[in-house]
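Have a look at coords02.cif below; it lists mmCIF, C-alpha atoms.
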data_input
loop_
_atom_site.group_PDB
_atom_site.id
_atom_site.type_symbol
_atom_site.label_atom_id
_atom_site.label_comp_id
_atom_site.auth_asym_id
_atom_site.auth_seq_id
_atom_site.Cartn_x
_atom_site.Cartn_y
_atom_site.Cartn_z
ATOM 1 C CA MET A 1 6.745 23.472 79.530
ATOM 2 C CA GLY A 2 6.272 21.926 76.109
ATOM 3 C CA ALA A 3 5.664 18.437 74.847
ATOM 4 C CA LEU A 4 7.180 15.380 76.499
ATOM 5 C CA THR A 5 10.296 14.052 74.881
ATOM 6 C CA GLU A 6 11.453 10.467 74.647
ATOM 7 C CA ASN A 7 13.768 11.097 77.618
ATOM 8 C CA HIS A 8 10.884 12.124 79.893
ATOM 9 C CA ARG A 9 10.665 10.337 83.225
ATOM 10 C CA CYS A 10 7.684 10.657 85.528
ATOM 11 C CA PRO A 11 8.395 11.430 89.197
ATOM 12 C CA ARG A 12 8.956 8.323 91.255
ATOM 13 C CA GLY A 13 6.348 7.193 93.731
ATOM 14 C CA GLY A 14 2.909 8.464 94.409
ATOM 15 C CA ILE A 15 1.785 11.607 96.105
ATOM 16 C CA ALA A 16 2.134 10.057 99.577
ATOM 17 C CA THR A 17 5.805 9.294 98.913
ATOM 18 C CA ARG A 18 6.532 12.843 97.803
ATOM 19 C CA VAL A 19 4.667 14.386 100.742
ATOM 20 C CA THR A 20 6.464 12.090 103.196
ATOM 21 C CA GLU A 21 9.823 12.972 101.671
ATOM 22 C CA ALA A 22 9.109 16.718 101.832
ATOM 23 C CA VAL A 23 7.819 16.604 105.415
ATOM 24 C CA SER A 24 10.754 14.517 106.593
ATOM 25 C CA THR A 25 13.253 16.906 104.970
ATOM 26 C CA VAL A 26 11.625 19.933 106.595
ATOM 27 C CA GLY A 27 11.322 18.115 109.939
ATOM 28 C CA ILE A 28 14.936 17.008 110.023
ATOM 29 C CA GLY A 29 16.110 20.501 109.045
ATOM 30 C CA GLY A 30 13.959 22.042 111.764
ATOM 31 C CA VAL A 31 15.274 19.691 114.429
ATOM 32 C CA LEU A 32 18.868 20.297 113.369
ATOM 33 C CA GLY A 33 18.308 24.060 113.445
ATOM 34 C CA ALA A 34 16.888 23.892 116.979
ATOM 35 C CA VAL A 35 19.727 21.634 118.170
ATOM 36 C CA PHE A 36 22.266 24.037 116.678
ATOM 37 C CA CYS A 37 20.602 26.890 118.557
ATOM 38 C CA PHE A 38 20.881 24.991 121.857
ATOM 39 C CA ALA A 39 24.513 24.165 121.082
ATOM 40 C CA ILE A 40 25.378 27.849 120.748
ATOM 41 C CA GLU A 41 23.179 29.331 123.472
ATOM 42 C CA GLU A 42 22.702 27.627 126.842
ATOM 43 C CA ARG A 43 19.177 28.907 127.496
ATOM 44 C CA PRO A 44 17.837 30.426 124.259
ATOM 45 C CA ALA A 45 14.586 32.349 124.100
ATOM 46 C CA GLY A 46 11.653 30.501 122.577
ATOM 47 C CA ALA A 47 11.475 32.827 119.591
ATOM 48 C CA LEU A 48 15.143 32.182 118.844
ATOM 49 C CA VAL A 49 14.596 28.417 118.840
ATOM 50 C CA VAL A 50 11.588 28.762 116.529
ATOM 51 C CA ALA A 51 13.532 31.056 114.185
ATOM 52 C CA ALA A 52 16.501 28.672 114.119
ATOM 53 C CA ALA A 53 14.205 25.720 113.425
ATOM 54 C CA ALA A 54 12.497 27.599 110.591
ATOM 55 C CA LEU A 55 15.843 28.582 109.095
ATOM 56 C CA GLY A 56 17.063 24.997 109.352
ATOM 57 C CA ALA A 57 13.940 23.762 107.576
ATOM 58 C CA VAL A 58 14.332 26.295 104.760
ATOM 59 C CA LEU A 59 18.033 25.524 104.339
ATOM 60 C CA ALA A 60 17.394 21.764 104.288
ATOM 61 C CA THR A 61 14.772 22.226 101.575
ATOM 62 C CA ALA A 62 17.081 24.479 99.537
ATOM 63 C CA VAL A 63 19.990 22.050 99.780
ATOM 64 C CA LYS A 64 17.747 19.152 98.754
ATOM 65 C CA GLN A 65 16.531 21.068 95.701
ATOM 66 C CA ALA A 66 20.079 22.114 94.813
ATOM 67 C CA VAL A 67 21.420 18.548 94.798
ATOM 68 C CA GLY A 68 18.663 17.344 92.525
ATOM 69 C CA GLY A 69 15.776 16.183 94.696
ATOM 70 C CA ARG A 70 12.973 18.394 93.408
ATOM 71 C CA PHE A 71 9.695 19.041 95.196
ATOM 72 C CA SER A 72 6.635 19.300 93.014
#

Using structure tokens, write down the structure from this file.
Amino acid sequence: MGALTENHRCPRGGIATRVTEAVSTVGIGGVLGAVFCFAIEERPAGALVVAAAALGAVLATAVKQAVGGRFS
């Protein structure tokens, strides 16, 4: 990683802020994935809802990292 430069900025907030932000991102992505599953399929199987929620959580995390909000 190397030495810190003069342009170095420490991550904002404490550990509780970062954990809350990460959990809320994953939670919102999971809920949106499950809702999307119910929107497509009238009575989806439980495993399908869980898989859609997991995919939504992963995609939400990936999008957040891609736009600049990094998880430590």

Counting all atoms listed in the file, figure out which residue out of A:Ala3, A:Val26, A:Ala16, A:Val50 gets nearest to Val63 (chain A).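 Ranking A:Ala3, A:Val26, A:Ala16, A:Val50 by distance to Val63 (chain A), first place goes to A:Val26.
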
Two-atom distance - CA of Thr25 (chain A), CA of Ala39 (chain A) (Å): 21.0 Å

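Across the structure, CA of Ala45 (chain A) and CA of Val31 (chain A) are spaced 15.9 Å apart.
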
Expanded to explicit residues, what is the PyMOL selection byres ((chain A and resi 35) around 12) for this file, as a VMD selection string? chain A and resid 28 to 34 36 to 44 48 to 53 56

One-decimal distance in Å that lies between CA of Ala57 (chain A) and CA of Gly27 (chain A):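 According to the coordinates, CA of Gly27 (chain A) and CA of Ala57 (chain A) are separated by 6.7 Å.
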
Produce the centre coordinates and the three edge lengths, each in Å to one decimal, of the box along x, y and z that contains all listed atoms of region 47-58 of chain A with 3 Å added on each side, as lines of an AutoDock Vina configuration file.
center_x = 14.3
center_y = 28.3
center_z = 112.2
size_x = 11.6
size_y = 15.1
size_z = 20.8
